[in-house]
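Right, one structure below, let's go through it.
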Amino acid sequence: MKFAKSYEPGDYESDIYAAWEASGIFSPSVPTYPVDADADGIDDRLEKSCSTYSIVMPPPNANGNLHIGHGLTVALEDSLTRYYRLRGKSTWYIPGADHAGFETWVVYEKELEKHGHTRFEYSRDELYAKVWDFVAQQRGNMELQLRALGASCAWSDLTFTLDENVIDRVYTTFEKMWNDGLIYRGEKLVNFCPKHRTAFADIEVEHKDEKGTLWDIEYKITENPEGALPRSIFDDGSNTERPSPVTTGARERSEKDVSLDSLIVSTTRPETLFGDTAVAVNPDDKRYKDLIGKHVKLPLTDRTIPIIADEHADPEYGTGAVKITPAHDYDDFEVGERHNLPRIQVIAEDGTMINVPEKYNGLTTTECRKQVLKDLKEQGLLKSEKKIEHSVAHCYKCGTVLEPMLKEQWFIDVQKLAKVAIEHLENGEIKFYPENKQKVLIDYLKNLKDWNISRQIPWGIAIPMFKKITPEATDEPDWIFDRRTNLTEIEKAGVKYVRDEDTFDTWFSSSHWPIVCTDWTEDNYNPYYPLNVMETGADILFAWVARMIMMGLYVTGEVPFQEVYLHGLVLDAHGKKMSKSKGNVINPMDLVAKYGSDAFRLGILRGRSAGMNQAFNENSVISGRNLCNKLWNISRLVQSIVDDADGTKSAAIEGHKDKISDFAAEGAERSDIINRLSLREAPETRAFCATTNNMGEDWICREINDCLEQLEQDMQNYRFAEAVEVLYQTIWDKYADWFLESQKLYQNVDLLKQTLETLLIALHPFAPFVTEAIWQNLSWTDGFIATEKWPEKLKFDPITAEQFETIRTIVVEIRSTLQALPGTNNDKKYNLLYDNDGLVNQHELLIKQLTKVPAINSLNGSPRGLRLALANHELYLDVPEQVVKAYKDSLTDKILSVGRELDALNLRMTNPNYIEKAPEHLVKETKDQIEEKQALISRLKTQLEII
RNA sequence: GGGCGGUUAGCUCAGCUGGCUAGAGCGCGUCUUUGACGUAGACGAGGUCAGAGGUUCAACUCCUCUAUCGCCCACCA
């Protein structure tokens with residue numbers, strides 16, 4: 001016996017994967033080739049491209065472990081890949097590994113700290129080499145885990161984000177952008193993490209609402225032409241707390257033509273006042289009209305700064321006067337640009353104060369804030385404070401408050417790229433699942449600001465730019481592009497340049513992912529680019545998908561993929577986000593070990609739809625495991641039938657054949673022969689009956705065809721959960737519960753084989769291991785199921801199929817009626833009586849098989865027993881009168897409930913508008929239903945009367 | 001402040017362009033050792049589809065509003 005008795009996924013999964021991998025079936029068969037490969041001047045790309053299917057894996061961290069989101073990713077991507085492979089495409093599922101620039105750097109920096117070192121002890125090149133070794137040591141886990149999940153990817157084509165070809169491509173793009181003027185070096189404010197000492201792109205910043213304080217500080221006006229007594233706008237003699245600026249009182253006061261000798265500014269960051277280079281008021285604000293152009297003395301310093309007019313100042317907010325700190329605030333930076341204000345950096349990269357009076361120098365921002373507030377208070381300049389809630393930028397990794405920091409960085413003038421992307425998106429060149437993400441993405445691109453691509457961490461791709469350090473070479477540009485980033489210093493035409501020490505934002509290189517994975521080049525025709533689909537998390541729509549589209553268009557002129565499928569977050573069983581701190585993280589590998597890889601895949605796809613964050617329940621994995629077990633046992637049963645038919649018992653069959661012809665010679669009816677042979681006794685009787693052909697054969701063919709059709713639709717529309725659902729139901733509820741149960745009576749061996757094969761292939765994309773294991777165990781199959789042909793539709797007779805459907809209805813009613821009758825099962829041995837019913841007569845054995853009624857006889861004489869109502873066949877269960885009476889109540893209930901349904905239908909028909917406006921077929925349907933229900937009620941009533 | 005999504009059975013979710021008695025898995029109840037499967041089989045209970053209004057012959061489905069949960073974006077000093 002080849003088939004193990006029980007389904008044990010752990011026993012075969014890794015062997016199966018190894019066999020697949022060794023056979024090379026995961027590699028694509030269609031090559032890339034130079035455009036016009038045969039040099040006949042004719043572009044022959046079309047015929048090739050229609051037979052390919054390509055998809056790239058969002059690269060998991062090279063030295064990490066897979067989490068549940070990766071599990072979902074693989075389940076989705078590999079199902080697609082396997083499906084299209086079975087459909088005959090040359091599939092290329094390209095795996096990747098991410099150097100995960102910042103993530104890995106953070107881990108490594110901690111490692112350094114643990115050993116008592118800091119990054120500042122080493123040069124960038126040394127650090128790069130160290131992290132490289134660190135990653136190499138840790139690497140490999142996730143690749144094993146991808147195999148355990150069954151990812152049918154082309155391992156020989158694995159792309160690491162720091163591979164030569166990636167760096168080459170990224171440099172080529174950068175050079176092109178530099179030459180096209182899309183890249184500039186600018187001193188701008190960037191989001192800077194003082195702990196990690198690096199800048200971030202806007203997209204990487206995490207905004208959190210926090211409680212903070214808004215302080216009001218008095219800035220004295222230094223020029224006082226009228227020589228009036230010092231007065232503050234809100235200081236009307238009482239010299240207590242200032243009234244709220246939004247009260248009418250304040251307004252009225254402000255309308256008065258008073259001369260002021262100080263301005264009150266509101267700030268949440270008093271320590272930055274040392275960097276103030278102006279105070280701004282709104283040009284339309286009448287209160288301050290006369291002050292514009294005057295100066296105020298900056299508290300705690302000797303400096304004076306101008307009062308300027310700028311729209312940025314909102315008259316409704318605070319006092320309407322705002323301090324301007326161009327070096328440490330985004331808005332202020334822009335105000336500064338408009339008014340040509342100096343930028344004074346007062347916070348250093350390590351988060352301490354610089355360029356401030358000696359007293360504050362070297363303090364951290366927090367210490368400095370305390371000190372400033374204390375000093376202001378002493379001088380009577382701190383007027384009030386108020387608790388507010390505002391949004392604060394944090395480092396997404398360590399949670400440190402990000403400091404807007406003035407830095408020289410490389411920026412991409414992104415609007416030019418975005419504009420092209422928007423055009424193609426609006427053209428509908430990329431189809432999104434879920435659909436609404438297209439619009440969301442376009443909106444994002446429209447408002448995108450220039451992209452800072454410089455990072456101050458060593459673990460990444462070096463920026464290939466060098467700065468001139470030969471000052472006398474005045475005609476030479478300050479910065480030049482050069483690929484020799486392995487050198488810290490280069491010389492060109494006698495001019496010396498020094499390397500920029502920064503590395504690229506990983507999203508800059510990642511945005512080339514479809515290009516580099518498929519080995520796209522300018523002069524090669526590549527039938528795998530654009531990708532058929534980009535599947536990734538909805539959370540990186542902006543960070544990644546948007547950038548891949550822009551970069552794909554910029555580099556290749558084409559969108560990088562035709563469709564985008566975005567999956568949502570996998571939440572815990574209660575719909576909460578998984579996190580280490582909450583302790584609710586589910587490790588996919590634990591589930592694989594416990595229930596098998598297939599069970600995990602089926603489970604995670606269940607109940608999931610595009611773009612939605614959805615809870616994950618272990619029960620769905622259990623249900624997947626149960627399906628695998630079911631399929632395993634279905635296959636064992638079919639195999640045992642095939643074994644029987646294959647002649648191991650042929651001698652016995654021969655023996656029986658004599659008997660059979662004897663019976664036949666006696667003129668016995670077929671049913672009689674079957675009875676006399678006593679069914680179930682030995683396999684040879686089944687051989688005799690194998691000629692009969694309505695034991696659900698046509699019906700199951702019809703159901704499987706419907707299943708395939710729906711499955712194909714679902715795959716095309718990325719409805720994975722529905723695809724799994726329809727397979728589940730067809731295999732379990734239809735194939736096992738009805739077809740196989742019926743085939744226990746007579747077997748159509750060829751059809752059993754064919755239908756089982758069909759279902760195995762159809763399920764293979766979702767449950768690759770169990771289907772392959774079964775395939776390898778079946779006696780009549782060969783090769784891998786993974787490379788089988790997608791099944792053809794099955795032929796069937798619709799009338800016979802429908803007959804079986806009717807029998808099902810009858811069987812279900814017999815079962816439920818018996819169940820509802822009082823007594824134990826042993827008491828319920830009632831015969832079925834029929835009156836003049838060809839269908840029941842013909843399928844007597846089948847009905848007996850499925851209902852376990854002891855006998856089915858023709859009703860001779862007047863009706864007796866319990867009439868079955870639903871099936872609309874004249875059928876009676878031969879139940880004694882006293883038992884029937886006990887069933888009376890349930891019969892009455894039934895009449896009432898059918899009556900309610902009838903009322904609803906009648907109501908519909910009494911509405912003239914319905915008859916007039918609803919489609920004809922619906923009206924007819926309603927009419928038919930009314931007739932049916934009426935007939936049913938009258939049957940039930942007759943039944944009741946009999947009792 | 002702007003935008004997006006959810007609210008359907010005890011739990012997790014389907015229900016695609018409006019039209020059969022609103023479905024599934026898990027859980028629950030009763031029964032069943034029947035040529036594979038108790039990780040099973042049979043039968044069943046369980047829903048005023050968040051609320052209100054509107055459009056329509058017809059609304060879980062479309063529109064408006066409300067409540068509530070969640071996500072994303074944004075420069076409120």
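Note on naming: chains are A, B, ... as they come in the structure tokens, residues start from 1 per chain, ligands start from 1 in the order shown.
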For chain A against chain B, with a cut-off of 7 Å and counting only C-alpha atoms (C1' of nucleotides), what is the closest atom pair and its distance in Å to one decimal for every residue that makes the cut, ordered by chain and number, as a Markdown table?
```
| residue | atom | partner | partner_atom | distance |
| --- | --- | --- | --- | --- |
| A:Ser266 | CA | B:A77 | C1' | 6.5 |
| A:Thr267 | CA | B:A77 | C1' | 5.7 |
| A:Val322 | CA | B:A77 | C1' | 6.2 |
| A:Tyr330 | CA | B:C75 | C1' | 6.4 |
| A:Asp331 | CA | B:C75 | C1' | 5.3 |
| A:Gly607 | CA | B:C13 | C1' | 5.0 |
| A:Ala615 | CA | B:U12 | C1' | 6.7 |
| A:Asn617 | CA | B:U12 | C1' | 6.5 |
| A:Asn619 | CA | B:C26 | C1' | 5.5 |
| A:Ser620 | CA | B:G25 | C1' | 6.5 |
| A:Ser623 | CA | B:G25 | C1' | 6.7 |
| A:Asn626 | CA | B:U39 | C1' | 5.1 |
| A:Asn629 | CA | B:U39 | C1' | 6.5 |
| A:Lys630 | CA | B:C37 | C1' | 5.9 |
| A:Asn633 | CA | B:A36 | C1' | 4.5 |
| A:Ile634 | CA | B:A36 | C1' | 5.6 |
| A:Arg636 | CA | B:A36 | C1' | 5.6 |
| A:Leu637 | CA | B:A36 | C1' | 4.4 |
| A:Ser816 | CA | B:C43 | C1' | 5.8 |
| A:Gln819 | CA | B:C43 | C1' | 6.1 |
| A:Asn913 | CA | B:C57 | C1' | 4.5 |
| A:Tyr914 | CA | B:C57 | C1' | 3.7 |
| A:Lys917 | CA | B:C57 | C1' | 5.9 |
| A:Ala918 | CA | B:C57 | C1' | 6.3 |
```
*Quick one: everything within 12 Å of U66 in chain B, counting only C-alpha atoms (C1' of nucleotides), minus sequence neighbours fewer than 6 positions away in the same chain. Send it as a list in words.*
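Once the adjacent positions are removed, what remains is A50, G51, A52 and G53 of chain B.
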*Between CA of Leu859 in chain A and CA of Thr942 in chain A, what is the distance, to one decimal in Å?*
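It comes out at 17.3 Å.
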*Gap from CA of Thr91 in chain A to CA of Phe26 in chain A - Å, one decimal*: 7.6 Å
_Spatial neighbours of Val131 in chain A, max dist 8 Å, only C-alpha atoms (C1' of nucleotides), sep filter under 2 positions, as a PyMOL selection string_ = chain A and resi 105+108+127-129+133-135+459
_As an exercise, work out the distance from CA of Pro471 in chain A to CA of Asp500 in chain A in Å and give it to one decimal place._
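Separation of CA of Pro471 in chain A and CA of Asp500 in chain A: 16.8 Å.
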*asked:* Give me, as a ChimeraX atom specification, the residues of range 386-580 of chain A that a backbone DSSP run labels helix (DSSP H, G or I).
replied: /A:414-426,437-446,506-510,513-517,538-556
Expected file contents, prior selection, N, CA and C atoms, as a compact mmCIF listing (two decimals), in the first residue's frame:
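Okay, this is what ended up in part.txt:
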```txt
# COMPACT_ATOMS: atom_id res chain seq x y z
N VAL A 414 10.61 65.75 -7.90
CA VAL A 414 9.77 64.60 -8.14
C VAL A 414 8.52 64.91 -8.96
N GLN A 415 8.16 66.16 -9.00
CA GLN A 415 6.91 66.48 -9.70
C GLN A 415 6.97 66.12 -11.19
N LYS A 416 8.16 66.23 -11.77
CA LYS A 416 8.28 65.91 -13.19
C LYS A 416 8.00 64.42 -13.41
N LEU A 417 8.51 63.60 -12.49
CA LEU A 417 8.25 62.16 -12.59
C LEU A 417 6.80 61.85 -12.29
N ALA A 418 6.30 62.54 -11.28
CA ALA A 418 4.92 62.27 -10.85
C ALA A 418 3.94 62.60 -11.97
N LYS A 419 4.24 63.66 -12.69
CA LYS A 419 3.32 64.10 -13.75
C LYS A 419 3.15 62.99 -14.79
N VAL A 420 4.25 62.41 -15.18
CA VAL A 420 4.19 61.32 -16.17
C VAL A 420 3.40 60.14 -15.59
N ALA A 421 3.71 59.82 -14.33
CA ALA A 421 3.02 58.70 -13.69
C ALA A 421 1.51 58.94 -13.65
N ILE A 422 1.14 60.16 -13.30
CA ILE A 422 -0.29 60.50 -13.21
C ILE A 422 -0.96 60.29 -14.57
N GLU A 423 -0.28 60.74 -15.63
CA GLU A 423 -0.85 60.57 -16.96
C GLU A 423 -1.16 59.11 -17.26
N HIS A 424 -0.18 58.27 -16.99
CA HIS A 424 -0.36 56.84 -17.29
C HIS A 424 -1.42 56.20 -16.39
N LEU A 425 -1.45 56.67 -15.16
CA LEU A 425 -2.46 56.12 -14.24
C LEU A 425 -3.85 56.54 -14.67
N GLU A 426 -3.96 57.81 -15.03
CA GLU A 426 -5.29 58.28 -15.44
C GLU A 426 -5.74 57.62 -16.73
N LYS A 437 -7.72 52.42 -4.92
CA LYS A 437 -6.34 52.83 -4.66
C LYS A 437 -5.74 53.61 -5.82
N GLN A 438 -6.31 53.44 -6.99
CA GLN A 438 -5.81 54.19 -8.14
C GLN A 438 -5.96 55.69 -7.88
N LYS A 439 -7.14 56.07 -7.44
CA LYS A 439 -7.42 57.47 -7.18
C LYS A 439 -6.59 57.98 -6.00
N VAL A 440 -6.51 57.15 -4.98
CA VAL A 440 -5.73 57.51 -3.80
C VAL A 440 -4.28 57.80 -4.20
N LEU A 441 -3.77 56.97 -5.08
CA LEU A 441 -2.39 57.11 -5.52
C LEU A 441 -2.20 58.37 -6.36
N ILE A 442 -3.14 58.63 -7.23
CA ILE A 442 -3.05 59.84 -8.07
C ILE A 442 -3.05 61.08 -7.18
N ASP A 443 -3.93 61.10 -6.20
CA ASP A 443 -3.99 62.25 -5.29
C ASP A 443 -2.66 62.44 -4.57
N TYR A 444 -2.07 61.33 -4.17
CA TYR A 444 -0.79 61.41 -3.48
C TYR A 444 0.27 62.00 -4.40
N LEU A 445 0.30 61.51 -5.62
CA LEU A 445 1.33 61.96 -6.57
C LEU A 445 1.18 63.45 -6.88
N LYS A 446 -0.05 63.90 -6.91
CA LYS A 446 -0.28 65.31 -7.23
C LYS A 446 0.31 66.24 -6.18
N THR A 506 16.63 53.57 0.75
CA THR A 506 16.41 52.26 0.12
C THR A 506 15.27 52.29 -0.89
N TRP A 507 14.30 53.19 -0.68
CA TRP A 507 13.19 53.23 -1.65
C TRP A 507 13.67 53.69 -3.02
N PHE A 508 14.79 54.40 -3.04
CA PHE A 508 15.30 54.83 -4.35
C PHE A 508 15.75 53.61 -5.15
N SER A 509 16.48 52.72 -4.51
CA SER A 509 16.86 51.51 -5.25
C SER A 509 15.69 50.55 -5.41
N SER A 510 14.86 50.47 -4.38
CA SER A 510 13.71 49.56 -4.46
C SER A 510 12.75 49.94 -5.58
N TRP A 513 12.83 47.83 -8.62
CA TRP A 513 12.69 46.39 -8.39
C TRP A 513 12.20 45.59 -9.61
N PRO A 514 11.11 45.98 -10.24
CA PRO A 514 10.68 45.21 -11.41
C PRO A 514 11.71 45.23 -12.54
N ILE A 515 12.44 46.32 -12.62
CA ILE A 515 13.43 46.45 -13.69
C ILE A 515 14.63 45.54 -13.44
N VAL A 516 15.12 45.57 -12.21
CA VAL A 516 16.34 44.80 -11.93
C VAL A 516 16.05 43.30 -11.79
N CYS A 517 14.88 42.97 -11.27
CA CYS A 517 14.57 41.54 -11.10
C CYS A 517 14.42 40.83 -12.44
N ALA A 538 -0.79 47.01 1.19
CA ALA A 538 -1.44 48.30 0.94
C ALA A 538 -0.71 49.42 1.69
N ASP A 539 -0.01 49.08 2.75
CA ASP A 539 0.66 50.11 3.55
C ASP A 539 1.85 50.73 2.83
N ILE A 540 2.36 50.07 1.79
CA ILE A 540 3.48 50.70 1.08
C ILE A 540 3.10 51.13 -0.34
N LEU A 541 1.82 51.44 -0.48
CA LEU A 541 1.35 51.97 -1.76
C LEU A 541 2.15 53.22 -2.15
N PHE A 542 2.30 54.13 -1.21
CA PHE A 542 3.00 55.39 -1.52
C PHE A 542 4.50 55.19 -1.57
N ALA A 543 5.01 54.56 -0.52
CA ALA A 543 6.46 54.45 -0.40
C ALA A 543 7.06 53.67 -1.55
N TRP A 544 6.39 52.61 -1.97
CA TRP A 544 7.00 51.72 -2.93
C TRP A 544 6.31 51.72 -4.30
N VAL A 545 5.02 51.40 -4.28
CA VAL A 545 4.30 51.25 -5.55
C VAL A 545 4.39 52.55 -6.37
N ALA A 546 4.16 53.66 -5.69
CA ALA A 546 4.21 54.95 -6.39
C ALA A 546 5.58 55.17 -7.02
N ARG A 547 6.61 54.83 -6.28
CA ARG A 547 7.97 55.08 -6.77
C ARG A 547 8.37 54.11 -7.87
N MET A 548 7.89 52.87 -7.77
CA MET A 548 8.19 51.93 -8.85
C MET A 548 7.55 52.39 -10.15
N ILE A 549 6.36 52.95 -10.04
CA ILE A 549 5.68 53.42 -11.25
C ILE A 549 6.44 54.59 -11.87
N MET A 550 6.81 55.54 -11.02
CA MET A 550 7.55 56.70 -11.53
C MET A 550 8.87 56.27 -12.16
N MET A 551 9.56 55.38 -11.45
CA MET A 551 10.89 54.99 -11.91
C MET A 551 10.79 54.09 -13.13
N GLY A 552 9.79 53.21 -13.14
CA GLY A 552 9.61 52.34 -14.29
C GLY A 552 9.39 53.17 -15.55
N LEU A 553 8.57 54.15 -15.43
CA LEU A 553 8.27 55.01 -16.58
C LEU A 553 9.50 55.81 -16.99
N TYR A 554 10.23 56.28 -16.00
CA TYR A 554 11.40 57.11 -16.31
C TYR A 554 12.49 56.29 -17.00
N VAL A 555 12.70 55.08 -16.50
CA VAL A 555 13.80 54.27 -17.02
C VAL A 555 13.42 53.53 -18.30
N THR A 556 12.23 52.92 -18.31
CA THR A 556 11.88 52.05 -19.44
C THR A 556 10.84 52.65 -20.37
```
*asked:* I want to know what sits within 7 Å of range 191-205 of chain A, based on only C-alpha atoms (C1' of nucleotides), with residues of the same chain fewer than 3 positions away left out; could you give that as a list in words?
replied: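 In the requested form, the answer reads Glu349, Asp350, Gly351, Ala393, His394, Cys395, Tyr396, Thr400, Leu402, Glu403, Pro404, Met405, Trp451, Asn452, Arg455, Gln456, Ile457 and Ala543 of chain A.
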Limited to N, CA and C atoms, could you put the picked residues into a file as a PDB file, in the first residue's frame?
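Wrote it out as out-v9.pdb, contents follow:
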```pdb
ATOM      1  N   GLU A 349      23.244  67.924  15.279  1.00  0.00           N
ATOM      2  CA  GLU A 349      22.739  66.626  14.868  1.00  0.00           C
ATOM      3  C   GLU A 349      22.569  65.658  16.029  1.00  0.00           C
ATOM      4  N   ASP A 350      23.308  65.902  17.103  1.00  0.00           N
ATOM      5  CA  ASP A 350      23.154  65.004  18.246  1.00  0.00           C
ATOM      6  C   ASP A 350      22.063  65.484  19.195  1.00  0.00           C
ATOM      7  N   GLY A 351      21.318  66.498  18.787  1.00  0.00           N
ATOM      8  CA  GLY A 351      20.210  66.959  19.599  1.00  0.00           C
ATOM      9  C   GLY A 351      20.600  67.906  20.712  1.00  0.00           C
ATOM     10  N   ALA A 393       6.214  64.686  14.972  1.00  0.00           N
ATOM     11  CA  ALA A 393       6.878  63.705  14.107  1.00  0.00           C
ATOM     12  C   ALA A 393       7.818  62.826  14.928  1.00  0.00           C
ATOM     13  N   HIS A 394       7.712  61.511  14.690  1.00  0.00           N
ATOM     14  CA  HIS A 394       8.567  60.571  15.404  1.00  0.00           C
ATOM     15  C   HIS A 394       9.326  59.685  14.428  1.00  0.00           C
ATOM     16  N   CYS A 395      10.476  59.190  14.908  1.00  0.00           N
ATOM     17  CA  CYS A 395      11.212  58.196  14.145  1.00  0.00           C
ATOM     18  C   CYS A 395      10.405  56.898  14.192  1.00  0.00           C
ATOM     19  N   TYR A 396      10.121  56.323  13.013  1.00  0.00           N
ATOM     20  CA  TYR A 396       9.239  55.144  12.996  1.00  0.00           C
ATOM     21  C   TYR A 396       9.907  53.923  13.603  1.00  0.00           C
ATOM     22  N   THR A 400      11.916  58.283  18.734  1.00  0.00           N
ATOM     23  CA  THR A 400      12.488  59.570  19.094  1.00  0.00           C
ATOM     24  C   THR A 400      11.795  60.687  18.305  1.00  0.00           C
ATOM     25  N   LEU A 402      11.487  63.529  15.994  1.00  0.00           N
ATOM     26  CA  LEU A 402      12.353  63.950  14.898  1.00  0.00           C
ATOM     27  C   LEU A 402      12.557  65.454  14.940  1.00  0.00           C
ATOM     28  N   GLU A 403      13.761  65.852  14.609  1.00  0.00           N
ATOM     29  CA  GLU A 403      14.116  67.251  14.609  1.00  0.00           C
ATOM     30  C   GLU A 403      14.163  67.728  13.162  1.00  0.00           C
ATOM     31  N   PRO A 404      13.399  68.761  12.819  1.00  0.00           N
ATOM     32  CA  PRO A 404      13.613  69.313  11.476  1.00  0.00           C
ATOM     33  C   PRO A 404      15.012  69.931  11.459  1.00  0.00           C
ATOM     34  N   MET A 405      15.838  69.453  10.578  1.00  0.00           N
ATOM     35  CA  MET A 405      17.242  69.846  10.617  1.00  0.00           C
ATOM     36  C   MET A 405      17.668  70.369   9.258  1.00  0.00           C
ATOM     37  N   TRP A 451      11.842  64.760  -3.139  1.00  0.00           N
ATOM     38  CA  TRP A 451      12.164  63.547  -2.391  1.00  0.00           C
ATOM     39  C   TRP A 451      13.635  63.574  -1.970  1.00  0.00           C
ATOM     40  N   ASN A 452      13.833  63.572  -0.671  1.00  0.00           N
ATOM     41  CA  ASN A 452      15.196  63.534  -0.129  1.00  0.00           C
ATOM     42  C   ASN A 452      15.708  62.103  -0.179  1.00  0.00           C
ATOM     43  N   ARG A 455      20.800  59.446   2.896  1.00  0.00           N
ATOM     44  CA  ARG A 455      20.691  58.888   4.242  1.00  0.00           C
ATOM     45  C   ARG A 455      22.093  58.847   4.844  1.00  0.00           C
ATOM     46  N   GLN A 456      22.155  59.141   6.146  1.00  0.00           N
ATOM     47  CA  GLN A 456      23.463  59.183   6.797  1.00  0.00           C
ATOM     48  C   GLN A 456      23.748  57.881   7.521  1.00  0.00           C
ATOM     49  N   ILE A 457      23.468  56.776   6.844  1.00  0.00           N
ATOM     50  CA  ILE A 457      23.841  55.489   7.435  1.00  0.00           C
ATOM     51  C   ILE A 457      24.736  54.757   6.450  1.00  0.00           C
ATOM     52  N   ALA A 543       5.014  54.559  -0.521  1.00  0.00           N
ATOM     53  CA  ALA A 543       6.460  54.454  -0.395  1.00  0.00           C
ATOM     54  C   ALA A 543       7.059  53.666  -1.551  1.00  0.00           C
TER      55      ALA A 543
END
```
*Check range 747-944 of chain A with DSSP on the backbone and list each residue it calls strand (DSSP E), as a list in words.*
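Taking range 747-944 of chain A and keeping strand (DSSP E) gives Leu832, Leu833, Tyr834, Ile856, Asn857, Ser858, Leu866, Arg867, Leu875, Tyr876 and Leu877 of chain A.
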Write to file, as a short mmCIF file (atom, residue, chain, number, x, y, z; two decimals), in the first residue's frame, the residues of the selection just made, with all heavy atoms.
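Listing of part.cif after writing:
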```cif
data_model
loop_
_atom_site.label_atom_id
_atom_site.label_comp_id
_atom_site.auth_asym_id
_atom_site.auth_seq_id
_atom_site.Cartn_x
_atom_site.Cartn_y
_atom_site.Cartn_z
N LEU A 832 -39.78 3.10 2.01
CA LEU A 832 -40.26 4.21 1.18
C LEU A 832 -41.25 3.63 0.16
O LEU A 832 -40.98 2.60 -0.47
CB LEU A 832 -39.09 4.86 0.45
CG LEU A 832 -39.43 6.09 -0.40
CD1 LEU A 832 -39.80 7.26 0.48
CD2 LEU A 832 -38.25 6.44 -1.30
N LEU A 833 -42.39 4.28 0.02
CA LEU A 833 -43.40 3.84 -0.94
C LEU A 833 -43.52 4.88 -2.05
O LEU A 833 -43.47 6.08 -1.78
CB LEU A 833 -44.75 3.69 -0.25
CG LEU A 833 -44.78 2.76 0.96
CD1 LEU A 833 -46.13 2.86 1.67
CD2 LEU A 833 -44.50 1.32 0.54
N TYR A 834 -43.64 4.40 -3.28
CA TYR A 834 -43.83 5.36 -4.37
C TYR A 834 -45.01 4.93 -5.21
O TYR A 834 -45.38 3.74 -5.24
CB TYR A 834 -42.57 5.48 -5.22
CG TYR A 834 -42.17 4.21 -5.94
CD1 TYR A 834 -42.65 3.91 -7.21
CD2 TYR A 834 -41.28 3.32 -5.34
CE1 TYR A 834 -42.26 2.76 -7.87
CE2 TYR A 834 -40.90 2.15 -5.99
CZ TYR A 834 -41.39 1.88 -7.24
OH TYR A 834 -41.02 0.73 -7.88
N ILE A 856 -37.63 -0.06 -0.86
CA ILE A 856 -38.42 0.92 -1.60
C ILE A 856 -39.41 0.13 -2.45
O ILE A 856 -39.03 -0.67 -3.30
CB ILE A 856 -37.52 1.79 -2.48
CG1 ILE A 856 -36.53 2.56 -1.60
CG2 ILE A 856 -38.35 2.74 -3.32
CD1 ILE A 856 -35.58 3.43 -2.35
N ASN A 857 -40.68 0.34 -2.16
CA ASN A 857 -41.69 -0.47 -2.83
C ASN A 857 -42.73 0.41 -3.51
O ASN A 857 -42.95 1.56 -3.11
CB ASN A 857 -42.41 -1.36 -1.82
CG ASN A 857 -41.44 -2.26 -1.10
OD1 ASN A 857 -40.54 -2.85 -1.70
ND2 ASN A 857 -41.59 -2.34 0.22
N SER A 858 -43.37 -0.22 -4.47
CA SER A 858 -44.48 0.48 -5.12
C SER A 858 -45.66 0.47 -4.17
O SER A 858 -45.91 -0.52 -3.47
CB SER A 858 -44.81 -0.24 -6.42
OG SER A 858 -45.92 0.36 -6.99
N LEU A 866 -46.47 8.51 5.80
CA LEU A 866 -46.19 9.95 5.83
C LEU A 866 -45.79 10.42 4.44
O LEU A 866 -44.83 9.95 3.86
CB LEU A 866 -45.03 10.17 6.81
CG LEU A 866 -44.73 11.59 7.23
CD1 LEU A 866 -45.96 12.23 7.85
CD2 LEU A 866 -43.60 11.56 8.24
N ARG A 867 -46.56 11.34 3.92
CA ARG A 867 -46.28 11.81 2.57
C ARG A 867 -45.14 12.81 2.58
O ARG A 867 -45.14 13.77 3.37
CB ARG A 867 -47.55 12.44 1.99
CG ARG A 867 -47.32 13.35 0.84
CD ARG A 867 -47.91 12.86 -0.46
NE ARG A 867 -47.27 13.54 -1.58
CZ ARG A 867 -47.91 13.92 -2.66
NH1 ARG A 867 -49.19 13.64 -2.80
NH2 ARG A 867 -47.27 14.52 -3.64
N LEU A 875 -44.44 10.30 -2.81
CA LEU A 875 -43.61 9.39 -2.02
C LEU A 875 -44.13 9.36 -0.58
O LEU A 875 -44.56 10.38 -0.04
CB LEU A 875 -42.16 9.86 -2.01
CG LEU A 875 -41.45 9.89 -3.36
CD1 LEU A 875 -40.12 10.60 -3.22
CD2 LEU A 875 -41.26 8.50 -3.91
N TYR A 876 -44.08 8.18 0.01
CA TYR A 876 -44.56 8.03 1.39
C TYR A 876 -43.54 7.23 2.18
O TYR A 876 -42.96 6.27 1.67
CB TYR A 876 -45.89 7.28 1.41
CG TYR A 876 -46.96 7.94 0.59
CD1 TYR A 876 -47.06 7.69 -0.77
CD2 TYR A 876 -47.85 8.83 1.18
CE1 TYR A 876 -48.03 8.31 -1.54
CE2 TYR A 876 -48.82 9.46 0.42
CZ TYR A 876 -48.92 9.19 -0.93
OH TYR A 876 -49.87 9.81 -1.69
N LEU A 877 -43.36 7.67 3.40
CA LEU A 877 -42.59 6.83 4.31
C LEU A 877 -43.62 5.94 5.01
O LEU A 877 -44.62 6.44 5.54
CB LEU A 877 -41.83 7.68 5.32
CG LEU A 877 -40.51 8.27 4.82
CD1 LEU A 877 -39.97 9.26 5.84
CD2 LEU A 877 -39.49 7.18 4.54
#
```
